[in-house]
There are 2 protein chains.
Amino acid sequence: MNDVKLTSTLAFRLGTLGAIATDRFSARLAPHDLKPKHVGLLSVLASGAAASQLDIAKLMGVAPSLVVSLADHLEAMGAVRRLRDPADRRRQTLTLTDEGSALLTECTTAACELDTELTAGLTPTQLDALHEALGHLAAEHGLPA
Amino acid sequence: MNDVKLTSTLAFRLGTLGAIATDRFSARLAPHDLKPKHVGLLSVLASGAAASQLDIAKLMGVAPSLVVSLADHLEAMGAVRRLRDPADRRRQTLTLTDEGSALLTECTTAACELDTELTAGLTPTQLDALHEALGHLAAEHGLPA
DNA sequence: CCTTAATCGTTCACTTGCTGAATGATATCG
DNA sequence: CGATATCATTCAGCAAGTGAACGATTAAGG
């Protein structure tokens, strides 16, 4: 009756292809001494959508303690500055340094290169459709544009 | 110049959406006391593409030692049988029990339900396009059909 | 004011998922 | 027969992330 295969399921394919994508992205990030979450944090800062570490944690869907270690690393390499909010001195506001935003654009172009590599076998029409569908899904699940 | 955002990158979106998908799939599998990789193993067995644990490990892109623990768990719950290959008694051939294949179809329908839930906001055209594009990508990167 | 409760960042112990190096059993080749 | 390779298994350990404390700060109530 229902001979649909697990492997042809969207959920399963999204999962495995997503793992492949982040693996390869990690590999490209390795020379910069960064992991995908570091770059995600830089991207949040660049978007200006969050200031305090707690806000960032919520936006990234991650524990606040993880933001601490990500920020530690980024600060140590000079990509990010930590500033106590003078209005509320509990808050730690993170800002991109010039070096940090340069790093972000490097990593973004790396992601673009990876995109063309991953989708080399797709027709332009398929590629457009994929972009549109994933964009829709991302928006629908509360991910940043 | 290049104001493309990291978050609109295919690699990044595939990664985050893939993580969301496997998270939700895990949640649906939890009542069955299974993880995605367990179901992946069941699916490999059902496809008949592999017999020995080493073959399975290669197909799944995973360390042989992981297959051991996955098979341990599946065997303990009666979903899988371990049989020494009489022709080569080093080999452990895994076979699905009736209970195992029943479990697989349950998990597959769970994945299908999740699919419709995840893609509720897509038009039928977009959904078709997504299926086609992901199918292409999966084939291209050596994943089972 | 002064106490009590909430909030933010940080640390740390711990869980989870996975790998890679031994080990033992079996098979193959010279 | 002896040397070597192969398969499954075990085990120690790594990487990523969480959650429960804790200190510092702020806000709220009397």
# chains A, B, ... in the order shown; residues from 1 in each chain; ligands from 1

call {"tool": "interface_residues", "arguments": {"of": "chain C", "to": "chain A", "cutoff": "10 Å", "atoms": "only C-alpha atoms (C1' of nucleotides)", "output": "compact mmCIF listing (two decimals) with N, CA and C atoms (P, O5', C5', C4', C3', O3' and C1' of nucleotides), in the first residue's frame"}}
result
# COMPACT_ATOMS: atom_id res chain seq x y z
P DT C 7 12.74 38.32 35.35
O5' DT C 7 14.20 38.88 35.03
C5' DT C 7 14.42 40.28 35.05
C4' DT C 7 15.87 40.58 34.67
C3' DT C 7 16.42 39.68 33.55
O3' DT C 7 17.15 40.52 32.66
C1' DT C 7 17.85 39.64 35.41
P DC C 8 17.44 40.05 31.18
O5' DC C 8 19.03 39.92 31.17
C5' DC C 8 19.81 41.10 31.36
C4' DC C 8 21.24 40.71 31.67
C3' DC C 8 21.86 39.72 30.68
O3' DC C 8 22.94 40.35 30.00
C1' DC C 8 22.32 39.14 32.96
P DG C 9 23.70 39.59 28.85
O5' DG C 9 24.93 38.95 29.64
C5' DG C 9 25.89 39.82 30.19
C4' DG C 9 26.82 39.06 31.09
C3' DG C 9 27.70 38.02 30.38
O3' DG C 9 29.06 38.31 30.67
C1' DG C 9 26.63 37.09 32.30
P DT C 10 30.19 37.52 29.87
O5' DT C 10 30.55 36.33 30.87
C5' DT C 10 30.86 36.66 32.22
C4' DT C 10 30.92 35.40 33.07
C3' DT C 10 31.67 34.22 32.45
O3' DT C 10 32.92 34.10 33.14
C1' DT C 10 29.70 33.55 33.63
P DT C 11 33.96 32.99 32.64
O5' DT C 11 33.64 31.74 33.59
C5' DT C 11 33.61 31.95 34.99
C4' DT C 11 33.12 30.68 35.69
C3' DT C 11 33.83 29.39 35.27
O3' DT C 11 34.32 28.75 36.45
C1' DT C 11 31.48 29.12 35.22

call {"tool": "closest_atom_pairs", "arguments": {"of": "chain D", "to": "chain B", "cutoff": "12 Å", "atoms": "only C-alpha atoms (C1' of nucleotides)", "output": "JSON lines"}}
result
{"residue": "D:DT6", "atom": "C1'", "partner": "B:Arg90", "partner_atom": "CA", "distance": 8.1}
{"residue": "D:DC7", "atom": "C1'", "partner": "B:Arg90", "partner_atom": "CA", "distance": 5.2}
{"residue": "D:DA8", "atom": "C1'", "partner": "B:Arg90", "partner_atom": "CA", "distance": 7.1}
{"residue": "D:DT9", "atom": "C1'", "partner": "B:Val68", "partner_atom": "CA", "distance": 7.4}
{"residue": "D:DT10", "atom": "C1'", "partner": "B:Ser65", "partner_atom": "CA", "distance": 8.9}
{"residue": "D:DC11", "atom": "C1'", "partner": "B:Ser65", "partner_atom": "CA", "distance": 10.7}

call {"tool": "write_last_selection", "arguments": {"atoms": "N, CA and C atoms (P, O5', C5', C4', C3', O3' and C1' of nucleotides)", "output": "mmCIF file, in the first residue's frame"}}
result
data_model
loop_
_atom_site.group_PDB
_atom_site.id
_atom_site.type_symbol
_atom_site.label_atom_id
_atom_site.label_comp_id
_atom_site.auth_asym_id
_atom_site.auth_seq_id
_atom_site.Cartn_x
_atom_site.Cartn_y
_atom_site.Cartn_z
ATOM 1 P P DT D 6 42.348 -6.135 4.159
ATOM 2 O "O5'" DT D 6 41.118 -6.776 4.943
ATOM 3 C "C5'" DT D 6 40.602 -8.032 4.537
ATOM 4 C "C4'" DT D 6 39.512 -8.485 5.493
ATOM 5 C "C3'" DT D 6 38.541 -7.372 5.894
ATOM 6 O "O3'" DT D 6 37.227 -7.886 5.793
ATOM 7 C "C1'" DT D 6 39.362 -8.471 7.794
ATOM 8 P P DC D 7 35.973 -6.896 5.642
ATOM 9 O "O5'" DC D 7 35.157 -7.106 7.000
ATOM 10 C "C5'" DC D 7 34.488 -8.340 7.217
ATOM 11 C "C4'" DC D 7 34.181 -8.522 8.689
ATOM 12 C "C3'" DC D 7 33.344 -7.404 9.310
ATOM 13 O "O3'" DC D 7 32.069 -7.926 9.663
ATOM 14 C "C1'" DC D 7 35.160 -8.073 10.733
ATOM 15 P P DA D 8 30.957 -6.942 10.207
ATOM 16 O "O5'" DA D 8 31.175 -7.093 11.770
ATOM 17 C "C5'" DA D 8 30.868 -8.335 12.384
ATOM 18 C "C4'" DA D 8 31.297 -8.328 13.837
ATOM 19 C "C3'" DA D 8 30.531 -7.354 14.732
ATOM 20 O "O3'" DA D 8 29.978 -8.077 15.812
ATOM 21 C "C1'" DA D 8 32.877 -7.113 15.028
ATOM 22 P P DT D 9 28.984 -7.311 16.828
ATOM 23 O "O5'" DT D 9 29.954 -6.831 17.996
ATOM 24 C "C5'" DT D 9 30.853 -7.766 18.586
ATOM 25 C "C4'" DT D 9 31.829 -7.072 19.497
ATOM 26 C "C3'" DT D 9 31.240 -5.979 20.390
ATOM 27 O "O3'" DT D 9 31.233 -6.464 21.726
ATOM 28 C "C1'" DT D 9 33.379 -5.380 19.503
ATOM 29 P P DT D 10 30.570 -5.552 22.886
ATOM 30 O "O5'" DT D 10 31.836 -4.803 23.497
ATOM 31 C "C5'" DT D 10 32.969 -5.569 23.884
ATOM 32 C "C4'" DT D 10 34.118 -4.649 24.252
ATOM 33 C "C3'" DT D 10 33.759 -3.523 25.236
ATOM 34 O "O3'" DT D 10 34.630 -3.607 26.352
ATOM 35 C "C1'" DT D 10 34.975 -2.677 23.390
ATOM 36 P P DC D 11 34.319 -2.850 27.730
ATOM 37 O "O5'" DC D 11 35.315 -1.613 27.668
ATOM 38 C "C5'" DC D 11 36.620 -1.803 27.119
ATOM 39 C "C4'" DC D 11 37.274 -0.468 26.812
ATOM 40 C "C3'" DC D 11 36.789 0.690 27.692
ATOM 41 O "O3'" DC D 11 37.921 1.385 28.181
ATOM 42 C "C1'" DC D 11 36.672 1.282 25.411
#

call {"tool": "residues_around", "arguments": {"residues": "stretch 94-111 of chain A", "least_positions_apart": "6", "cutoff": "10 Å", "atoms": "only C-alpha atoms (C1' of nucleotides)", "output": "PyMOL selection string"}}
result
(chain A and resi 21-22+24-26+28-29+32+34+36+38-46+48+50-53+56+71+74-75+77-85+117) or (chain B and resi 2-12)

call {"tool": "write_last_selection", "arguments": {"atoms": "C-alpha atoms", "output": "compact mmCIF listing (two decimals), in the first residue's frame"}}
result
# COMPACT_ATOMS: atom_id res chain seq x y z
CA ALA A 21 26.23 21.23 4.06
CA THR A 22 27.32 22.20 7.58
CA ARG A 24 31.52 21.22 4.27
CA PHE A 25 30.94 24.71 5.58
CA SER A 26 32.87 23.79 8.71
CA ARG A 28 35.90 25.85 4.74
CA LEU A 29 35.75 27.77 7.98
CA HIS A 32 39.81 30.91 9.85
CA LEU A 34 35.81 29.43 13.19
CA PRO A 36 29.39 27.79 11.80
CA HIS A 38 30.65 31.72 15.32
CA VAL A 39 29.75 32.99 11.88
CA GLY A 40 26.07 32.84 12.77
CA LEU A 41 26.81 35.10 15.72
CA LEU A 42 28.74 37.54 13.55
CA SER A 43 25.82 37.58 11.17
CA VAL A 44 23.39 38.39 13.98
CA LEU A 45 25.58 41.30 15.02
CA ALA A 46 25.85 42.57 11.46
CA GLY A 48 21.81 44.75 14.16
CA ALA A 50 20.39 42.09 18.83
CA ALA A 51 22.71 43.71 21.25
CA SER A 52 22.87 41.83 24.53
CA GLN A 53 24.15 38.30 24.75
CA ILE A 56 21.57 36.82 20.75
CA ALA A 71 31.93 35.54 22.17
CA LEU A 74 35.54 35.93 18.77
CA GLU A 75 36.78 38.55 21.21
CA MET A 77 40.64 36.92 17.85
CA GLY A 78 39.61 40.58 17.68
CA ALA A 79 36.41 40.11 15.70
CA VAL A 80 34.12 41.41 18.40
CA ARG A 81 34.18 43.97 21.21
CA ARG A 82 32.48 43.52 24.57
CA LEU A 83 31.01 46.66 26.12
CA ARG A 84 29.12 47.00 29.37
CA ASP A 85 25.88 48.81 28.69
CA GLU A 117 29.69 23.66 -5.59
CA ASN B 2 28.44 42.28 -2.20
CA ASP B 3 25.66 42.67 0.30
CA VAL B 4 24.48 39.10 0.13
CA LYS B 5 23.58 37.83 3.58
CA LEU B 6 24.95 34.69 5.10
CA THR B 7 21.50 33.67 6.24
CA SER B 8 20.16 33.71 2.71
CA THR B 9 22.88 31.33 1.62
CA LEU B 10 21.83 27.84 0.60
CA ALA B 11 24.52 26.20 2.69
CA PHE B 12 23.48 28.05 5.83

call {"tool": "closest_residue", "arguments": {"among": "A:Gly61, A:Ala76, A:Lys37, A:Leu17", "to": "chain B", "atoms": "only C-alpha atoms"}}
result
A:Leu17

call {"tool": "closest_residue", "arguments": {"among": "A:Lys35, A:Ala138, A:Leu127, A:Thr119", "to": "B:Gly18", "atoms": "only C-alpha atoms"}}
result
A:Ala138

call {"tool": "atom_distance", "arguments": {"atom1": "atom CA of B:Gly121", "atom2": "atom CA of B:His136"}}
result
22.4 Å

call {"tool": "select_by_dssp", "arguments": {"residues": "stretch 56-88 of chain A", "states": "helix (DSSP H, G or I)", "output": "NGL selection string"}}
result
:A and (56-60 or 64-76)

call {"tool": "select_by_dssp", "arguments": {"residues": "chain A", "states": "strand (DSSP E)", "output": "ChimeraX atom specification"}}
result
/A:80-84,92-96

call {"tool": "write_last_selection", "arguments": {"atoms": "C-alpha atoms", "output": "PDB file, in the first residue's frame"}}
result
ATOM      1  CA  VAL A  80      34.117  41.409  18.404  1.00  0.00           C
ATOM      2  CA  ARG A  81      34.184  43.966  21.214  1.00  0.00           C
ATOM      3  CA  ARG A  82      32.480  43.521  24.567  1.00  0.00           C
ATOM      4  CA  LEU A  83      31.005  46.661  26.116  1.00  0.00           C
ATOM      5  CA  ARG A  84      29.120  46.997  29.373  1.00  0.00           C
ATOM      6  CA  GLN A  92      27.156  42.981  27.800  1.00  0.00           C
ATOM      7  CA  THR A  93      26.696  44.498  24.356  1.00  0.00           C
ATOM      8  CA  LEU A  94      28.642  42.937  21.521  1.00  0.00           C
ATOM      9  CA  THR A  95      29.748  44.927  18.506  1.00  0.00           C
ATOM     10  CA  LEU A  96      31.546  43.929  15.328  1.00  0.00           C
TER      11      LEU A  96
END

call {"tool": "closest_residue", "arguments": {"among": "B:Asp72, B:Ala30, B:Lys58, B:Ser47", "to": "chain A", "atoms": "only C-alpha atoms"}}
result
B:Ser47

call {"tool": "residues_around", "arguments": {"residues": "C:DT4", "least_positions_apart": "6", "cutoff": "12 Å", "atoms": "only C-alpha atoms (C1' of nucleotides)", "output": "count of residues only"}}
result
4

call {"tool": "residues_around", "arguments": {"residues": "C:DC29", "least_positions_apart": "4", "cutoff": "10 Å", "atoms": "only C-alpha atoms (C1' of nucleotides)", "output": "ChimeraX atom specification"}}
result
/D:3-5

call {"tool": "atom_distance", "arguments": {"atom1": "atom CA of A:His141", "atom2": "atom CA of B:Ala129"}}
result
19.2 Å

call {"tool": "atom_distance", "arguments": {"atom1": "atom CA of B:Leu70", "atom2": "atom CA of B:Ala57"}}
result
10.6 Å

call {"tool": "residues_around", "arguments": {"residues": "D:DA20", "least_positions_apart": "2", "cutoff": "12 Å", "atoms": "only C-alpha atoms (C1' of nucleotides)", "output": "mmCIF file with N, CA and C atoms (P, O5', C5', C4', C3', O3' and C1' of nucleotides), in the first residue's frame"}}
result
data_model
loop_
_atom_site.group_PDB
_atom_site.id
_atom_site.type_symbol
_atom_site.label_atom_id
_atom_site.label_comp_id
_atom_site.auth_asym_id
_atom_site.auth_seq_id
_atom_site.Cartn_x
_atom_site.Cartn_y
_atom_site.Cartn_z
ATOM 1 N N SER A 65 24.834 30.342 27.868
ATOM 2 C CA SER A 65 26.210 29.975 28.205
ATOM 3 C C SER A 65 27.037 29.683 26.959
ATOM 4 P P DT C 11 33.964 32.987 32.641
ATOM 5 O "O5'" DT C 11 33.639 31.741 33.594
ATOM 6 C "C5'" DT C 11 33.612 31.946 34.995
ATOM 7 C "C4'" DT C 11 33.119 30.681 35.695
ATOM 8 C "C3'" DT C 11 33.834 29.394 35.273
ATOM 9 O "O3'" DT C 11 34.322 28.755 36.446
ATOM 10 C "C1'" DT C 11 31.483 29.119 35.218
ATOM 11 P P DC C 12 35.390 27.587 36.356
ATOM 12 O "O5'" DC C 12 34.494 26.276 36.565
ATOM 13 C "C5'" DC C 12 33.501 26.277 37.576
ATOM 14 C "C4'" DC C 12 32.588 25.076 37.424
ATOM 15 C "C3'" DC C 12 33.274 23.826 36.846
ATOM 16 O "O3'" DC C 12 32.861 22.698 37.581
ATOM 17 C "C1'" DC C 12 31.358 24.323 35.598
ATOM 18 P P DA C 13 33.833 21.446 37.723
ATOM 19 O "O5'" DA C 13 32.771 20.267 37.854
ATOM 20 C "C5'" DA C 13 31.637 20.454 38.688
ATOM 21 C "C4'" DA C 13 30.419 19.765 38.083
ATOM 22 C "C3'" DA C 13 30.679 18.328 37.606
ATOM 23 O "O3'" DA C 13 29.574 17.523 37.970
ATOM 24 C "C1'" DA C 13 29.806 19.610 35.826
ATOM 25 P P DC C 14 29.629 15.921 37.886
ATOM 26 O "O5'" DC C 14 28.672 15.593 36.653
ATOM 27 C "C5'" DC C 14 27.417 16.272 36.547
ATOM 28 C "C4'" DC C 14 26.919 16.224 35.121
ATOM 29 C "C3'" DC C 14 27.111 14.885 34.399
ATOM 30 O "O3'" DC C 14 25.855 14.246 34.285
ATOM 31 C "C1'" DC C 14 27.528 16.774 32.979
ATOM 32 P P DT D 18 22.320 24.458 23.452
ATOM 33 O "O5'" DT D 18 21.977 23.695 24.820
ATOM 34 C "C5'" DT D 18 21.504 22.359 24.776
ATOM 35 C "C4'" DT D 18 21.407 21.796 26.190
ATOM 36 C "C3'" DT D 18 20.651 22.703 27.169
ATOM 37 O "O3'" DT D 18 19.620 21.958 27.788
ATOM 38 C "C1'" DT D 18 22.784 22.089 28.054
ATOM 39 P P DC D 22 25.507 27.816 44.920
ATOM 40 O "O5'" DC D 22 26.195 29.097 44.278
ATOM 41 C "C5'" DC D 22 27.470 28.951 43.652
ATOM 42 C "C4'" DC D 22 27.847 30.262 42.993
ATOM 43 C "C3'" DC D 22 27.494 31.481 43.832
ATOM 44 O "O3'" DC D 22 28.685 32.131 44.237
ATOM 45 C "C1'" DC D 22 26.902 31.768 41.517
#

call {"tool": "decode", "arguments": {"residues": "chain C", "atoms": "C-alpha atoms (C1' of nucleotides)", "output": "PDB file, in the first residue's frame"}}
result
ATOM      1  C1'  DC C   1      15.704  53.881  52.221  1.00  0.00           C
ATOM      2  C1'  DC C   2      16.225  48.662  52.818  1.00  0.00           C
ATOM      3  C1'  DT C   3      15.013  44.329  51.854  1.00  0.00           C
ATOM      4  C1'  DT C   4      13.479  40.992  48.484  1.00  0.00           C
ATOM      5  C1'  DA C   5      13.075  39.348  44.018  1.00  0.00           C
ATOM      6  C1'  DA C   6      14.320  39.311  39.213  1.00  0.00           C
ATOM      7  C1'  DT C   7      17.852  39.638  35.409  1.00  0.00           C
ATOM      8  C1'  DC C   8      22.320  39.139  32.959  1.00  0.00           C
ATOM      9  C1'  DG C   9      26.629  37.086  32.296  1.00  0.00           C
ATOM     10  C1'  DT C  10      29.705  33.547  33.627  1.00  0.00           C
ATOM     11  C1'  DT C  11      31.483  29.119  35.218  1.00  0.00           C
ATOM     12  C1'  DC C  12      31.358  24.323  35.598  1.00  0.00           C
ATOM     13  C1'  DA C  13      29.806  19.610  35.826  1.00  0.00           C
ATOM     14  C1'  DC C  14      27.528  16.774  32.979  1.00  0.00           C
ATOM     15  C1'  DT C  15      25.071  14.504  28.831  1.00  0.00           C
ATOM     16  C1'  DT C  16      25.046  13.028  24.095  1.00  0.00           C
ATOM     17  C1'  DG C  17      26.700  11.489  19.775  1.00  0.00           C
ATOM     18  C1'  DC C  18      30.331  10.113  17.640  1.00  0.00           C
ATOM     19  C1'  DT C  19      35.258   8.696  16.440  1.00  0.00           C
ATOM     20  C1'  DG C  20      39.681   6.022  16.521  1.00  0.00           C
ATOM     21  C1'  DA C  21      42.794   2.905  18.585  1.00  0.00           C
ATOM     22  C1'  DA C  22      43.249  -1.645  20.771  1.00  0.00           C
ATOM     23  C1'  DT C  23      41.523  -6.622  20.993  1.00  0.00           C
ATOM     24  C1'  DG C  24      39.841 -11.116  19.715  1.00  0.00           C
ATOM     25  C1'  DA C  25      37.998 -14.108  16.444  1.00  0.00           C
ATOM     26  C1'  DT C  26      38.038 -15.730  11.915  1.00  0.00           C
ATOM     27  C1'  DA C  27      39.655 -16.013   7.133  1.00  0.00           C
ATOM     28  C1'  DT C  28      43.142 -15.912   3.357  1.00  0.00           C
ATOM     29  C1'  DC C  29      47.570 -16.226   1.192  1.00  0.00           C
ATOM     30  C1'  DG C  30      52.273 -17.757   0.623  1.00  0.00           C
TER      31       DG C  30
END
